[in-house]
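Peer 1: Next up is a structure, given as structure tokens.
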Amino acid sequence: MFKIIHAQFLAPGIKRFVIHAPRIARKQKPGQFVILRIHEEGERIPITIENSDPERGTINIVVQSAGKTTNLLNSLNTGDHILDVVGPLGKPSEIKNYGTVVIIGGGVGTAMAYPTAAALKREGNRVLSIVGARSKELMILESEMRAVSDALMITTDDGSYADKGFVTDKLRQLIQNGTRIDLVVAVGPIVMMKAVAEMTRKENIHTVVSLNPIMIDGTGMCGGCRVQIDGKSEFACVDGPEFDAHKVNFEVLVQRNAMYRDAEQRSMAEFKARQESEQACVAQGEQR
Ligand SMILES: Cc1cc2nc3c(=O)[nH]c(=O)nc-3n(C[C@H](O)[C@H](O)[C@H](O)COP(=O)(O)OP(=O)(O)OC[C@H]3O[C@@H](n4cnc5c(N)ncnc54)[C@H](O)[C@@H]3O)c2cc1C
Ligand code: FES
């Protein structure tokens with residue numbers, strides 16, 4: 001069992017957990033993730049390690065409520081336990097001095113991009129970060145990103161904070177202004193990563209994306225996370241999750257991620273119904 005040392009919402013539906021996991025904290029490198037299971041019957045879900053503290057023996061994760069398991073996880077609090085946390089998994093980000101790097105985080109992808117941004121900054125790169133969210137209340141890790149960036153650009157889809165628009169608008173501006181860019185790292189929704197890849201392909205800028213296919217075992221055995229890279233099958237859990245954006249077949253990724261949509265929607269509806277009936281029982285008990 002892995003104890004939650006601290007849990008706090010960063011934004012509606014987005015929660016950061018500090019988990020006691022000393023072995024993982026000692027080994028973790030930027031870009032790696034854990035697979036966790038909340039209870040015996042629970043499904044395994046992959047979550048990126050946002051930060052770790054080897055001395056305290058803790059790792060941080062940031063979780064966005066997407067379906068049944070992430071909702072259940074985000075209902076846990078300080079002092080609760082998670083049954084299994086396996087990791088660190090996946091290949092670490094390739095950290096070296098590239099020169100000027102642009103880090104792009106979309107939504108909860110900002111939490112996944114943060115450790116890579118911090119490591120690239122420590123390595124002496126000039127780090128220009130672009131973070132985007134749907135609206136002001138969903139913007140996360142602004143001060144953390146600012147601390148590891150030479151410049152931070154912010155966009156919101158609805159213009160409720162900073163500049164209205166998409167992260168790709170800022171990337172386009174940098175390119176049009178003639179900013180020298182040696183590497184782009186983009187983490188976020190598939191549609192965002194694909195748009196970044198299309199933009200940088202034309203400019204011949206090396207670009208890395210972190211892919212989020214369905215994962216089950218995380219060890220290269222089940223084939224669940226198969227992605228198509230340069231026309232060949234690779235397993236994101238052991239060969240990635242980071243890949244050369246210009247070689248990724250995003251259409252296949254979208255199709256494979258949609259394969260279980262009906263089952264996911266059913267299981268979320270059952271979860272919500274159970275939660276509502278539990279809340280109704282509690283309310284009835286309080287009235288008596
Ligand atoms: C390497 C990696 C790192 C990730 N890091 C983070 C992170 O730091 N924070 C975060 O909030 N989310 C992260 N995710 C996404 C997260 O794993 C999914 O949101 C979660 O599994 C959804 O489970 P659910 O039961 O709540 O939702 P469901 O209703 O089951 O699914 C909602 C959507 O989540 C995706 N998904 C479902 N099951 C899985 C699975 N087993 N593996 C991967 N994706 C799945 C599918 O696209 C699906 O459409 C990461 C995914 C990958 C592959
Ligand atoms: S999750 Fe099973 S092979 Fe990658």
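Scheme for the structure tokens: letters A, B, ... for chains in order shown; per-chain residue numbers from 1; ligand numbers from 1 in order shown.
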Dump as JSON lines the rows for residues of chain A within 6 Å of ligand 2: closest atom pair and distance in Å with one decimal, only C-alpha atoms and all ligand atoms counted, ordered by chain and rising residue number.
Peer 2:
```
{"residue": "A:Met215", "atom": "CA", "partner": "ligand 2", "partner_atom_place_in_ligand_line": "1 (S)", "distance": 3.8}
{"residue": "A:Ile216", "atom": "CA", "partner": "ligand 2", "partner_atom_place_in_ligand_line": "1 (S)", "distance": 4.3}
{"residue": "A:Asp217", "atom": "CA", "partner": "ligand 2", "partner_atom_place_in_ligand_line": "2 (Fe)", "distance": 4.5}
{"residue": "A:Gly218", "atom": "CA", "partner": "ligand 2", "partner_atom_place_in_ligand_line": "1 (S)", "distance": 3.8}
{"residue": "A:Thr219", "atom": "CA", "partner": "ligand 2", "partner_atom_place_in_ligand_line": "3 (S)", "distance": 5.6}
{"residue": "A:Gly220", "atom": "CA", "partner": "ligand 2", "partner_atom_place_in_ligand_line": "3 (S)", "distance": 3.3}
{"residue": "A:Met221", "atom": "CA", "partner": "ligand 2", "partner_atom_place_in_ligand_line": "3 (S)", "distance": 4.6}
{"residue": "A:Cys222", "atom": "CA", "partner": "ligand 2", "partner_atom_place_in_ligand_line": "2 (Fe)", "distance": 3.8}
{"residue": "A:Gly223", "atom": "CA", "partner": "ligand 2", "partner_atom_place_in_ligand_line": "3 (S)", "distance": 3.8}
{"residue": "A:Gly224", "atom": "CA", "partner": "ligand 2", "partner_atom_place_in_ligand_line": "2 (Fe)", "distance": 4.7}
{"residue": "A:Cys225", "atom": "CA", "partner": "ligand 2", "partner_atom_place_in_ligand_line": "4 (Fe)", "distance": 4.4}
{"residue": "A:Phe235", "atom": "CA", "partner": "ligand 2", "partner_atom_place_in_ligand_line": "4 (Fe)", "distance": 5.2}
{"residue": "A:Ala236", "atom": "CA", "partner": "ligand 2", "partner_atom_place_in_ligand_line": "4 (Fe)", "distance": 5.8}
{"residue": "A:Cys237", "atom": "CA", "partner": "ligand 2", "partner_atom_place_in_ligand_line": "4 (Fe)", "distance": 4.3}
```
Peer 1: Quick one: residues within 8 Å of ligand 1, with only C-alpha atoms and all ligand atoms, as a ChimeraX atom specification?
Peer 2: /A:14,32-34,43-50,61-72,90,108-109,111-112,210-216,225,236-237,241,257-258,260-261,263-265,267-268
Peer 1: Output N, CA and C atoms for every residue in the selection just made, as a short mmCIF file (atom, residue, chain, number, x, y, z; two decimals), in the first residue's frame.
Peer 2:
```cif
data_model
loop_
_atom_site.label_atom_id
_atom_site.label_comp_id
_atom_site.auth_asym_id
_atom_site.auth_seq_id
_atom_site.Cartn_x
_atom_site.Cartn_y
_atom_site.Cartn_z
N ILE A 14 -8.78 18.61 -11.24
CA ILE A 14 -7.33 18.30 -11.40
C ILE A 14 -6.68 18.34 -10.01
N GLN A 32 9.15 9.89 -17.22
CA GLN A 32 8.68 8.56 -16.83
C GLN A 32 7.34 8.62 -16.11
N PHE A 33 6.71 7.46 -16.02
CA PHE A 33 5.37 7.41 -15.44
C PHE A 33 5.24 6.20 -14.50
N VAL A 34 4.12 6.17 -13.78
CA VAL A 34 3.80 5.01 -12.95
C VAL A 34 2.49 4.41 -13.46
N GLU A 43 -8.94 -0.95 -12.31
CA GLU A 43 -8.12 -1.06 -13.53
C GLU A 43 -6.79 -0.34 -13.28
N ARG A 44 -5.82 -0.69 -14.12
CA ARG A 44 -4.50 -0.05 -14.01
C ARG A 44 -4.51 1.20 -14.89
N ILE A 45 -4.03 2.32 -14.34
CA ILE A 45 -3.95 3.53 -15.19
C ILE A 45 -2.54 4.14 -15.11
N PRO A 46 -2.06 4.61 -16.26
CA PRO A 46 -0.74 5.25 -16.27
C PRO A 46 -0.84 6.74 -15.94
N ILE A 47 0.06 7.22 -15.10
CA ILE A 47 0.11 8.63 -14.74
C ILE A 47 1.59 9.07 -14.67
N THR A 48 1.88 10.19 -15.28
CA THR A 48 3.26 10.71 -15.30
C THR A 48 3.69 11.17 -13.92
N ILE A 49 4.98 10.97 -13.62
CA ILE A 49 5.52 11.48 -12.35
C ILE A 49 5.89 12.95 -12.58
N GLU A 50 5.19 13.82 -11.87
CA GLU A 50 5.39 15.27 -12.09
C GLU A 50 6.66 15.75 -11.41
N ILE A 61 2.12 13.25 -8.38
CA ILE A 61 1.39 13.04 -9.64
C ILE A 61 0.26 14.07 -9.71
N VAL A 62 -0.14 14.42 -10.93
CA VAL A 62 -1.25 15.36 -11.12
C VAL A 62 -2.27 14.65 -11.99
N VAL A 63 -3.49 14.54 -11.48
CA VAL A 63 -4.49 13.68 -12.13
C VAL A 63 -5.72 14.48 -12.52
N GLN A 64 -6.11 14.34 -13.78
CA GLN A 64 -7.35 14.99 -14.24
C GLN A 64 -8.46 13.96 -14.28
N SER A 65 -9.61 14.30 -13.71
CA SER A 65 -10.75 13.39 -13.75
C SER A 65 -11.21 13.23 -15.19
N ALA A 66 -11.10 11.99 -15.71
CA ALA A 66 -11.50 11.74 -17.11
C ALA A 66 -12.63 10.73 -17.14
N GLY A 67 -12.53 9.69 -16.34
CA GLY A 67 -13.54 8.64 -16.32
C GLY A 67 -13.61 8.05 -14.92
N LYS A 68 -14.00 6.78 -14.86
CA LYS A 68 -14.28 6.17 -13.56
C LYS A 68 -13.06 6.17 -12.63
N THR A 69 -11.92 5.66 -13.13
CA THR A 69 -10.78 5.46 -12.22
C THR A 69 -10.17 6.78 -11.77
N THR A 70 -10.04 7.73 -12.71
CA THR A 70 -9.45 9.01 -12.31
C THR A 70 -10.40 9.78 -11.38
N ASN A 71 -11.71 9.62 -11.55
CA ASN A 71 -12.66 10.24 -10.62
C ASN A 71 -12.52 9.64 -9.22
N LEU A 72 -12.39 8.30 -9.21
CA LEU A 72 -12.23 7.62 -7.92
C LEU A 72 -10.93 8.06 -7.25
N GLY A 90 8.76 3.42 -18.61
CA GLY A 90 8.99 4.20 -19.83
C GLY A 90 10.40 4.74 -19.90
N VAL A 108 -3.71 19.20 -18.68
CA VAL A 108 -2.93 18.46 -17.68
C VAL A 108 -1.57 18.05 -18.25
N GLY A 109 -1.40 18.17 -19.57
CA GLY A 109 -0.10 17.91 -20.21
C GLY A 109 0.99 18.81 -19.65
N ALA A 111 1.56 19.35 -16.56
CA ALA A 111 2.17 18.60 -15.44
C ALA A 111 3.13 17.55 -15.97
N MET A 112 2.84 17.01 -17.15
CA MET A 112 3.71 15.97 -17.72
C MET A 112 4.95 16.62 -18.34
N SER A 210 4.72 13.31 -26.23
CA SER A 210 4.54 12.21 -25.28
C SER A 210 3.16 11.60 -25.53
N LEU A 211 3.14 10.35 -25.97
CA LEU A 211 1.87 9.74 -26.41
C LEU A 211 1.11 9.10 -25.25
N ASN A 212 -0.21 9.07 -25.40
CA ASN A 212 -1.08 8.61 -24.30
C ASN A 212 -2.03 7.50 -24.76
N PRO A 213 -1.49 6.41 -25.34
CA PRO A 213 -2.41 5.32 -25.71
C PRO A 213 -2.90 4.59 -24.46
N ILE A 214 -3.90 3.74 -24.64
CA ILE A 214 -4.38 2.92 -23.54
C ILE A 214 -3.24 1.99 -23.10
N MET A 215 -2.95 1.97 -21.83
CA MET A 215 -1.91 1.07 -21.31
C MET A 215 -2.51 0.13 -20.29
N ILE A 216 -1.99 -1.09 -20.24
CA ILE A 216 -2.52 -2.04 -19.26
C ILE A 216 -1.39 -2.50 -18.33
N CYS A 225 -0.70 -0.82 -25.78
CA CYS A 225 -0.27 0.56 -26.06
C CYS A 225 0.42 0.69 -27.41
N ALA A 236 4.31 2.03 -26.62
CA ALA A 236 4.59 3.31 -25.96
C ALA A 236 5.12 3.11 -24.54
N CYS A 237 4.75 2.01 -23.89
CA CYS A 237 5.16 1.86 -22.48
C CYS A 237 6.64 1.55 -22.33
N PRO A 241 7.17 6.83 -23.46
CA PRO A 241 6.06 7.40 -24.23
C PRO A 241 6.46 8.53 -25.20
N ASN A 257 -7.49 4.73 -29.29
CA ASN A 257 -7.98 5.26 -28.01
C ASN A 257 -9.50 5.27 -27.94
N ALA A 258 -10.16 5.26 -29.12
CA ALA A 258 -11.63 5.31 -29.13
C ALA A 258 -12.24 3.91 -29.02
N TYR A 260 -12.49 1.67 -26.79
CA TYR A 260 -13.23 1.26 -25.58
C TYR A 260 -14.21 2.33 -25.11
N ARG A 261 -14.51 3.31 -26.00
CA ARG A 261 -15.31 4.46 -25.56
C ARG A 261 -16.65 4.05 -24.95
N ALA A 263 -17.57 1.22 -23.50
CA ALA A 263 -17.38 0.59 -22.18
C ALA A 263 -16.99 1.63 -21.15
N GLU A 264 -16.14 2.62 -21.55
CA GLU A 264 -15.71 3.66 -20.61
C GLU A 264 -16.90 4.51 -20.18
N GLN A 265 -17.78 4.83 -21.16
CA GLN A 265 -18.94 5.66 -20.83
C GLN A 265 -19.89 4.91 -19.91
N SER A 267 -19.09 2.51 -17.79
CA SER A 267 -18.54 2.35 -16.46
C SER A 267 -18.57 3.67 -15.69
N MET A 268 -18.43 4.80 -16.40
CA MET A 268 -18.52 6.12 -15.74
C MET A 268 -19.96 6.37 -15.29
#
```
Peer 1: Taking into account only C-alpha atoms, which residue in the set A:Gln28, A:Ser135, A:Ser277, A:Gln255 is nearest to Phe166 in chain A?
Peer 2: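 Nearest candidate to Phe166 in chain A out of A:Gln28, A:Ser135, A:Ser277, A:Gln255: A:Ser135.
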Peer 1: Name the residues of range 49-287 of chain A that come out as strand (DSSP E) in a backbone DSSP run; write them as a ChimeraX atom specification.
Peer 2: /A:49-53,58-64,81-82,84-89,100-106,126-133,151-156,163-164,183-187,207-210,226-229,232-235,242-244
Peer 1: What lies within 12 Å of Arg126 in chain A using only C-alpha atoms, ignoring chain neighbours under 3 positions off, as JSON, numbers by chain?
Peer 2: {"A": [96, 97, 98, 99, 100, 101, 102, 103, 117, 118, 119, 120, 121, 122, 123, 129, 148, 149, 150, 151, 152, 179, 180, 181, 182, 183, 184]}
Peer 1: Can I get the selection written as an mmCIF file, in the first residue's frame, with N, CA and C atoms?
Peer 2:
```cif
data_model
loop_
_atom_site.group_PDB
_atom_site.id
_atom_site.type_symbol
_atom_site.label_atom_id
_atom_site.label_comp_id
_atom_site.auth_asym_id
_atom_site.auth_seq_id
_atom_site.Cartn_x
_atom_site.Cartn_y
_atom_site.Cartn_z
ATOM 1 N N LYS A 96 19.670 16.897 -22.874
ATOM 2 C CA LYS A 96 21.015 17.369 -23.209
ATOM 3 C C LYS A 96 20.919 18.843 -23.596
ATOM 4 N N ASN A 97 22.053 19.448 -23.855
ATOM 5 C CA ASN A 97 22.007 20.856 -24.220
ATOM 6 C C ASN A 97 21.752 20.984 -25.721
ATOM 7 N N TYR A 98 20.503 21.325 -26.066
ATOM 8 C CA TYR A 98 20.113 21.477 -27.470
ATOM 9 C C TYR A 98 20.345 22.910 -27.935
ATOM 10 N N GLY A 99 20.249 23.861 -26.984
ATOM 11 C CA GLY A 99 20.303 25.290 -27.329
ATOM 12 C C GLY A 99 19.025 25.944 -26.835
ATOM 13 N N THR A 100 18.123 26.254 -27.776
ATOM 14 C CA THR A 100 16.825 26.829 -27.374
ATOM 15 C C THR A 100 15.738 25.776 -27.554
ATOM 16 N N VAL A 101 15.011 25.513 -26.471
ATOM 17 C CA VAL A 101 13.930 24.531 -26.565
ATOM 18 C C VAL A 101 12.603 25.217 -26.247
ATOM 19 N N VAL A 102 11.578 24.795 -26.966
ATOM 20 C CA VAL A 102 10.223 25.292 -26.677
ATOM 21 C C VAL A 102 9.452 24.133 -26.065
ATOM 22 N N ILE A 103 8.933 24.363 -24.853
ATOM 23 C CA ILE A 103 8.149 23.339 -24.162
ATOM 24 C C ILE A 103 6.687 23.751 -24.237
ATOM 25 N N ALA A 117 10.886 20.094 -18.730
ATOM 26 C CA ALA A 117 11.289 21.506 -18.830
ATOM 27 C C ALA A 117 12.349 21.820 -17.770
ATOM 28 N N ALA A 118 12.107 21.346 -16.544
ATOM 29 C CA ALA A 118 13.040 21.631 -15.441
ATOM 30 C C ALA A 118 14.407 21.009 -15.728
ATOM 31 N N ALA A 119 14.409 19.766 -16.227
ATOM 32 C CA ALA A 119 15.683 19.084 -16.490
ATOM 33 C C ALA A 119 16.426 19.749 -17.655
ATOM 34 N N LEU A 120 15.699 20.182 -18.681
ATOM 35 C CA LEU A 120 16.346 20.847 -19.821
ATOM 36 C C LEU A 120 16.937 22.190 -19.395
ATOM 37 N N LYS A 121 16.255 22.859 -18.466
ATOM 38 C CA LYS A 121 16.769 24.137 -17.942
ATOM 39 C C LYS A 121 18.066 23.879 -17.150
ATOM 40 N N ARG A 122 18.039 22.847 -16.293
ATOM 41 C CA ARG A 122 19.240 22.512 -15.499
ATOM 42 C C ARG A 122 20.419 22.182 -16.411
ATOM 43 N N GLU A 123 20.125 21.640 -17.579
ATOM 44 C CA GLU A 123 21.177 21.236 -18.522
ATOM 45 C C GLU A 123 21.726 22.440 -19.293
ATOM 46 N N SER A 129 8.628 28.463 -22.674
ATOM 47 C CA SER A 129 7.479 27.580 -22.425
ATOM 48 C C SER A 129 6.181 28.226 -22.874
ATOM 49 N N VAL A 148 11.128 27.574 -14.181
ATOM 50 C CA VAL A 148 12.110 26.803 -14.961
ATOM 51 C C VAL A 148 12.205 27.293 -16.413
ATOM 52 N N SER A 149 11.599 28.461 -16.678
ATOM 53 C CA SER A 149 11.557 28.953 -18.062
ATOM 54 C C SER A 149 12.235 30.315 -18.178
ATOM 55 N N ASP A 150 12.882 30.561 -19.325
ATOM 56 C CA ASP A 150 13.419 31.893 -19.601
ATOM 57 C C ASP A 150 12.288 32.822 -20.011
ATOM 58 N N ALA A 151 11.250 32.247 -20.604
ATOM 59 C CA ALA A 151 10.048 33.023 -20.932
ATOM 60 C C ALA A 151 8.860 32.075 -20.872
ATOM 61 N N LEU A 152 7.742 32.596 -20.371
ATOM 62 C CA LEU A 152 6.525 31.771 -20.293
ATOM 63 C C LEU A 152 5.399 32.484 -21.023
ATOM 64 N N THR A 179 12.652 33.315 -34.236
ATOM 65 C CA THR A 179 13.336 32.750 -33.055
ATOM 66 C C THR A 179 13.993 31.434 -33.449
ATOM 67 N N ARG A 180 15.258 31.287 -33.079
ATOM 68 C CA ARG A 180 15.940 30.027 -33.377
ATOM 69 C C ARG A 180 15.400 28.970 -32.412
ATOM 70 N N ILE A 181 14.901 27.867 -32.923
ATOM 71 C CA ILE A 181 14.353 26.805 -32.065
ATOM 72 C C ILE A 181 15.071 25.505 -32.426
ATOM 73 N N ASP A 182 15.701 24.880 -31.426
ATOM 74 C CA ASP A 182 16.450 23.645 -31.691
ATOM 75 C C ASP A 182 15.637 22.398 -31.367
ATOM 76 N N LEU A 183 14.654 22.553 -30.497
ATOM 77 C CA LEU A 183 13.816 21.400 -30.133
ATOM 78 C C LEU A 183 12.470 21.905 -29.629
ATOM 79 N N VAL A 184 11.403 21.184 -29.993
ATOM 80 C CA VAL A 184 10.081 21.452 -29.408
ATOM 81 C C VAL A 184 9.640 20.183 -28.689
#
```
Peer 1: My list of candidates is A:Glu137, A:Asp157, A:Glu276, A:Glu94. Which is closest to Val208 in chain A when distances are computed with only C-alpha atoms?
Peer 2: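 Distance minimum relative to Val208 in chain A lands on A:Glu94.
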Peer 1: Quote the spacing between CA of Met139 in chain A and CA of Ala162 in chain A in Å to one decimal place.
Peer 2: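 According to the coordinates, CA of Met139 in chain A and CA of Ala162 in chain A are separated by 10.4 Å.
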